[in-house]
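Everything below concerns the one structure shown next.
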Amino acid sequence: MRHGQTMVQQDEQREDLPFWKTKTLGGMTDTEWESLCDGCGLCCLNKLEDWDTGEIAWTSIGCQLLDGESCRCKDYENRQATVPDCIRLTAQSVNEISWLPPTCGYRLVRDGFDLYWWHPLVSGDPETVHQAGISARGRTVSEEGIDIEDYEDYLVTWPLEVGGQAQR
């Protein structure tokens with residue numbers, strides 16, 4: 001406690017902080033949890049894993065339910081009925097998943113970092129994630145009709161990159 005600062009003042013300062021700076025992932029309400037998703041669509045891209053090394057390679061192939069313009073799921077509430085292997089992010093799974101992109105709000109909060117300026121919770125605008133060039137908008141093809149043997153033809157590195165504009 002700083003000199004002259006009361007416990008009440010400290011509590012008031014803490015209350016002024018946004019929830020992602022004061023709560024753990026497991027301590028968030030459902031609404032808070034859902035709002036941590038920045039709408040980038042990157043987690044809905046198909047990834048290839050090298051079985052020997054565990055290395056993850058990203059593709060520009062989006063899940064059949066990924067809307068390539070909004071970068072949101074076309075049927076979020078029922079997604080696992082259509083895509084049974086869709087991974088549901090939870091406080092536990094976020095700790096276990098190695099492929100979350102470096103810009104992911106869940107990963108940032110998990111690792112003790114603040115959200116980027118373009119995150120809708122910071123900017124107040126769901127379009128800033130797209131304006132900053134972070135999202136999958138306009139960069140994907142649907143998995144429908146693509147043979148898994150051809151996925152290597154769609155390898156990309158941009159989901160792992162955070163450009164200068166995005167960092168500012």
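All residue names refer to the structure tokens as shown: chains lettered A, B, ... in order, residues numbered from 1 in each chain, ligands numbered from 1 in order.
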Could you give me, as an mmCIF file with N, CA and C atoms, in the first residue's frame, the residues within 12 Å of A:Tyr106, counting only C-alpha atoms and dropping anything in the same chain fewer than 5 positions from it?
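Result file is result24.cif:
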data_model
loop_
_atom_site.group_PDB
_atom_site.id
_atom_site.type_symbol
_atom_site.label_atom_id
_atom_site.label_comp_id
_atom_site.auth_asym_id
_atom_site.auth_seq_id
_atom_site.Cartn_x
_atom_site.Cartn_y
_atom_site.Cartn_z
ATOM 1 N N TRP A 20 -10.956 -8.193 -17.111
ATOM 2 C CA TRP A 20 -9.867 -9.074 -17.555
ATOM 3 C C TRP A 20 -8.546 -8.768 -16.859
ATOM 4 N N LYS A 21 -8.483 -7.636 -16.159
ATOM 5 C CA LYS A 21 -7.288 -7.306 -15.395
ATOM 6 C C LYS A 21 -7.406 -7.710 -13.929
ATOM 7 N N LYS A 23 -9.714 -10.497 -12.873
ATOM 8 C CA LYS A 23 -10.239 -11.844 -12.688
ATOM 9 C C LYS A 23 -9.381 -12.872 -13.413
ATOM 10 N N THR A 24 -9.415 -14.078 -12.896
ATOM 11 C CA THR A 24 -8.802 -15.194 -13.607
ATOM 12 C C THR A 24 -9.806 -15.678 -14.653
ATOM 13 N N LEU A 25 -9.336 -16.456 -15.599
ATOM 14 C CA LEU A 25 -10.244 -17.010 -16.600
ATOM 15 C C LEU A 25 -11.346 -17.820 -15.929
ATOM 16 N N GLY A 26 -10.993 -18.602 -14.935
ATOM 17 C CA GLY A 26 -11.971 -19.429 -14.234
ATOM 18 C C GLY A 26 -12.952 -18.637 -13.384
ATOM 19 N N MET A 28 -14.409 -15.766 -14.295
ATOM 20 C CA MET A 28 -15.247 -14.898 -15.121
ATOM 21 C C MET A 28 -16.660 -15.443 -15.260
ATOM 22 N N GLU A 32 -18.673 -12.424 -19.473
ATOM 23 C CA GLU A 32 -17.296 -11.938 -19.530
ATOM 24 C C GLU A 32 -16.435 -12.881 -20.373
ATOM 25 N N TRP A 33 -16.588 -14.170 -20.149
ATOM 26 C CA TRP A 33 -15.815 -15.172 -20.884
ATOM 27 C C TRP A 33 -16.043 -15.019 -22.387
ATOM 28 N N GLU A 34 -17.284 -14.977 -22.790
ATOM 29 C CA GLU A 34 -17.617 -14.872 -24.216
ATOM 30 C C GLU A 34 -17.081 -13.571 -24.818
ATOM 31 N N SER A 35 -17.082 -12.502 -24.034
ATOM 32 C CA SER A 35 -16.622 -11.212 -24.561
ATOM 33 C C SER A 35 -15.103 -11.166 -24.748
ATOM 34 N N LEU A 36 -14.381 -12.104 -24.159
ATOM 35 C CA LEU A 36 -12.929 -12.161 -24.357
ATOM 36 C C LEU A 36 -12.569 -12.584 -25.778
ATOM 37 N N CYS A 37 -13.502 -13.235 -26.454
ATOM 38 C CA CYS A 37 -13.265 -13.603 -27.849
ATOM 39 C C CYS A 37 -13.280 -12.325 -28.675
ATOM 40 N N ASP A 38 -12.192 -12.081 -29.411
ATOM 41 C CA ASP A 38 -12.098 -10.846 -30.190
ATOM 42 C C ASP A 38 -12.762 -10.948 -31.554
ATOM 43 N N GLY A 39 -13.219 -12.144 -31.927
ATOM 44 C CA GLY A 39 -13.893 -12.306 -33.208
ATOM 45 C C GLY A 39 -12.947 -12.402 -34.388
ATOM 46 N N CYS A 43 -9.078 -19.287 -34.407
ATOM 47 C CA CYS A 43 -9.170 -20.623 -33.801
ATOM 48 C C CYS A 43 -10.030 -21.555 -34.650
ATOM 49 N N LEU A 89 -13.581 -23.823 -25.930
ATOM 50 C CA LEU A 89 -12.612 -23.204 -25.035
ATOM 51 C C LEU A 89 -13.202 -23.064 -23.640
ATOM 52 N N THR A 90 -12.451 -23.526 -22.675
ATOM 53 C CA THR A 90 -12.794 -23.388 -21.265
ATOM 54 C C THR A 90 -11.539 -22.900 -20.551
ATOM 55 N N ALA A 91 -11.693 -22.502 -19.307
ATOM 56 C CA ALA A 91 -10.519 -22.075 -18.533
ATOM 57 C C ALA A 91 -9.493 -23.202 -18.482
ATOM 58 N N GLN A 92 -9.956 -24.430 -18.385
ATOM 59 C CA GLN A 92 -9.044 -25.581 -18.346
ATOM 60 C C GLN A 92 -8.403 -25.811 -19.708
ATOM 61 N N SER A 93 -9.205 -25.833 -20.786
ATOM 62 C CA SER A 93 -8.653 -26.142 -22.106
ATOM 63 C C SER A 93 -7.695 -25.061 -22.590
ATOM 64 N N VAL A 94 -7.915 -23.818 -22.216
ATOM 65 C CA VAL A 94 -7.004 -22.742 -22.614
ATOM 66 C C VAL A 94 -5.606 -23.001 -22.051
ATOM 67 N N ASN A 95 -5.541 -23.633 -20.898
ATOM 68 C CA ASN A 95 -4.236 -23.982 -20.309
ATOM 69 C C ASN A 95 -3.569 -25.142 -21.030
ATOM 70 N N GLU A 96 -4.338 -25.935 -21.748
ATOM 71 C CA GLU A 96 -3.808 -27.131 -22.392
ATOM 72 C C GLU A 96 -3.559 -26.967 -23.890
ATOM 73 N N ILE A 97 -4.191 -25.975 -24.514
ATOM 74 C CA ILE A 97 -4.092 -25.806 -25.964
ATOM 75 C C ILE A 97 -2.835 -24.998 -26.307
ATOM 76 N N TRP A 99 -1.934 -24.166 -29.471
ATOM 77 C CA TRP A 99 -2.024 -23.468 -30.746
ATOM 78 C C TRP A 99 -2.806 -22.162 -30.715
ATOM 79 N N LEU A 100 -3.203 -21.689 -29.579
ATOM 80 C CA LEU A 100 -3.904 -20.400 -29.558
ATOM 81 C C LEU A 100 -2.983 -19.330 -30.140
ATOM 82 N N PRO A 101 -3.504 -18.497 -31.036
ATOM 83 C CA PRO A 101 -2.636 -17.479 -31.640
ATOM 84 C C PRO A 101 -2.128 -16.478 -30.596
ATOM 85 N N ASP A 111 -1.808 -15.578 -19.651
ATOM 86 C CA ASP A 111 -0.382 -15.338 -19.459
ATOM 87 C C ASP A 111 -0.070 -14.023 -18.745
ATOM 88 N N GLY A 112 -1.108 -13.306 -18.294
ATOM 89 C CA GLY A 112 -0.908 -12.080 -17.522
ATOM 90 C C GLY A 112 -0.650 -10.830 -18.339
ATOM 91 N N PHE A 113 -1.027 -10.836 -19.619
ATOM 92 C CA PHE A 113 -0.841 -9.668 -20.478
ATOM 93 C C PHE A 113 -2.157 -8.948 -20.696
ATOM 94 N N ASP A 114 -2.056 -7.693 -21.096
ATOM 95 C CA ASP A 114 -3.244 -6.901 -21.391
ATOM 96 C C ASP A 114 -3.713 -7.207 -22.816
ATOM 97 N N LEU A 115 -4.935 -6.851 -23.103
ATOM 98 C CA LEU A 115 -5.483 -7.001 -24.441
ATOM 99 C C LEU A 115 -4.922 -5.911 -25.347
ATOM 100 N N TYR A 116 -4.835 -6.202 -26.644
ATOM 101 C CA TYR A 116 -4.368 -5.216 -27.615
ATOM 102 C C TYR A 116 -5.403 -4.107 -27.802
ATOM 103 N N HIS A 119 -8.717 -4.943 -29.602
ATOM 104 C CA HIS A 119 -9.695 -5.879 -29.044
ATOM 105 C C HIS A 119 -10.992 -5.111 -28.777
#
Practice task
Quick one: everything within 8 Å of A:Leu66, counting only C-alpha atoms, minus sequence neighbours fewer than 5 positions away in the same chain. Send it as a ChimeraX atom specification.
Solution key: /A:41,44,71-74,142
Go ahead and save the picked residues with N, CA and C atoms, as an mmCIF file, in the first residue's frame.
data_model
loop_
_atom_site.group_PDB
_atom_site.id
_atom_site.type_symbol
_atom_site.label_atom_id
_atom_site.label_comp_id
_atom_site.auth_asym_id
_atom_site.auth_seq_id
_atom_site.Cartn_x
_atom_site.Cartn_y
_atom_site.Cartn_z
ATOM 1 N N GLY A 41 -11.550 -15.193 -35.603
ATOM 2 C CA GLY A 41 -11.806 -16.400 -36.372
ATOM 3 C C GLY A 41 -10.608 -17.322 -36.516
ATOM 4 N N CYS A 44 -10.775 -21.009 -35.599
ATOM 5 C CA CYS A 44 -11.626 -21.821 -36.476
ATOM 6 C C CYS A 44 -10.916 -22.239 -37.756
ATOM 7 N N CYS A 71 -16.195 -13.532 -39.413
ATOM 8 C CA CYS A 71 -15.246 -14.325 -38.623
ATOM 9 C C CYS A 71 -15.887 -14.915 -37.372
ATOM 10 N N ARG A 72 -17.164 -15.128 -37.448
ATOM 11 C CA ARG A 72 -17.913 -15.750 -36.356
ATOM 12 C C ARG A 72 -18.501 -17.074 -36.838
ATOM 13 N N CYS A 73 -18.869 -17.908 -35.902
ATOM 14 C CA CYS A 73 -19.480 -19.192 -36.212
ATOM 15 C C CYS A 73 -20.907 -18.963 -36.699
ATOM 16 N N LYS A 74 -21.271 -19.666 -37.758
ATOM 17 C CA LYS A 74 -22.618 -19.538 -38.320
ATOM 18 C C LYS A 74 -23.681 -20.180 -37.431
ATOM 19 N N SER A 142 -13.389 -22.363 -47.363
ATOM 20 C CA SER A 142 -14.115 -23.331 -46.545
ATOM 21 C C SER A 142 -13.511 -24.717 -46.712
#
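Residues with any atom within 8 Å of A:Leu42, counting only C-alpha atoms and excluding same-chain neighbours fewer than 4 positions away, are A:Pro101, A:Ser135, A:Ala136, A:Pro159.
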Handout entry: Atomic distance atom CA of A:Val109 - atom CA of A:Phe19, expressed in Å with one decimal
Key = 10.3 Å
Exercise for the section: Excluding A:Lys47 and residues on its chain fewer than 5 positions from it, collect all residues at most 6 Å away from it, counting only C-alpha atoms, and give them as number ranges by chain. Expected result: A: 57-59
Exercise for the section: Tell me which protein, DNA and RNA residues are within 9 Å of A:Val83, counting only C-alpha atoms, leaving out same-chain ones fewer than 6 positions away, and put them as a PyMOL selection string. Expected result: chain A and resi 63-65
Write the residues of the preceding selection, restricted to C-alpha atoms, as a PDB file, in the first residue's frame.
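Written file, part_27.pdb:
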ATOM      1  CA  CYS A  63     -14.236 -24.667 -40.519  1.00  0.00           C
ATOM      2  CA  GLN A  64     -17.389 -25.174 -42.529  1.00  0.00           C
ATOM      3  CA  LEU A  65     -19.242 -23.062 -39.955  1.00  0.00           C
TER       4      LEU A  65
END
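The two atoms in question, atom CA of A:Gln131 and atom CA of A:Trp118, are spaced 8.1 Å apart.
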Practice task
Fewer than 3 positions away in the same chain doesn't count, so skip those; otherwise give me all residues within 9 Å of A:Gly138, counting only C-alpha atoms, as number ranges by chain.
Solution key: A: 68-69, 135, 141
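Here the strand (DSSP E) residues in stretch 15-134 of chain A, by DSSP on the backbone, are Leu45, Asn46, Lys47, Leu48, Glu49, Ile56, Ala57, Trp58, Thr59, Ser60, Ile61 and Gly62 of chain A.
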Please save C-alpha atoms of the selected residues as a CSV table (one decimal), in the first residue's frame.
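The result, stored in out_0.csv:
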chain,number,residue,atom,x,y,z
A,45,LEU,CA,-8.9,-22.4,-39.0
A,46,ASN,CA,-7.8,-26.0,-39.6
A,47,LYS,CA,-4.3,-26.8,-38.3
A,48,LEU,CA,-2.0,-29.7,-39.1
A,49,GLU,CA,0.1,-31.3,-36.3
A,56,ILE,CA,1.5,-27.0,-35.4
A,57,ALA,CA,1.1,-25.7,-39.0
A,58,TRP,CA,-1.7,-23.3,-39.8
A,59,THR,CA,-3.9,-23.4,-42.9
A,60,SER,CA,-6.2,-20.8,-44.5
A,61,ILE,CA,-8.9,-23.4,-44.5
A,62,GLY,CA,-11.8,-22.4,-42.2
Handout entry: Distance in Å - atom CA of A:Gly133 versus atom CA of A:Cys104
Key =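 That distance, rounded to one decimal, is 13.6 Å.
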Problem - Nearest-residue call for A:Asp50, choices A:Asp16, A:Glu127, A:Glu152, A:Trp117, using only C-alpha atoms - result: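 The closest residue to A:Asp50 is A:Glu152.
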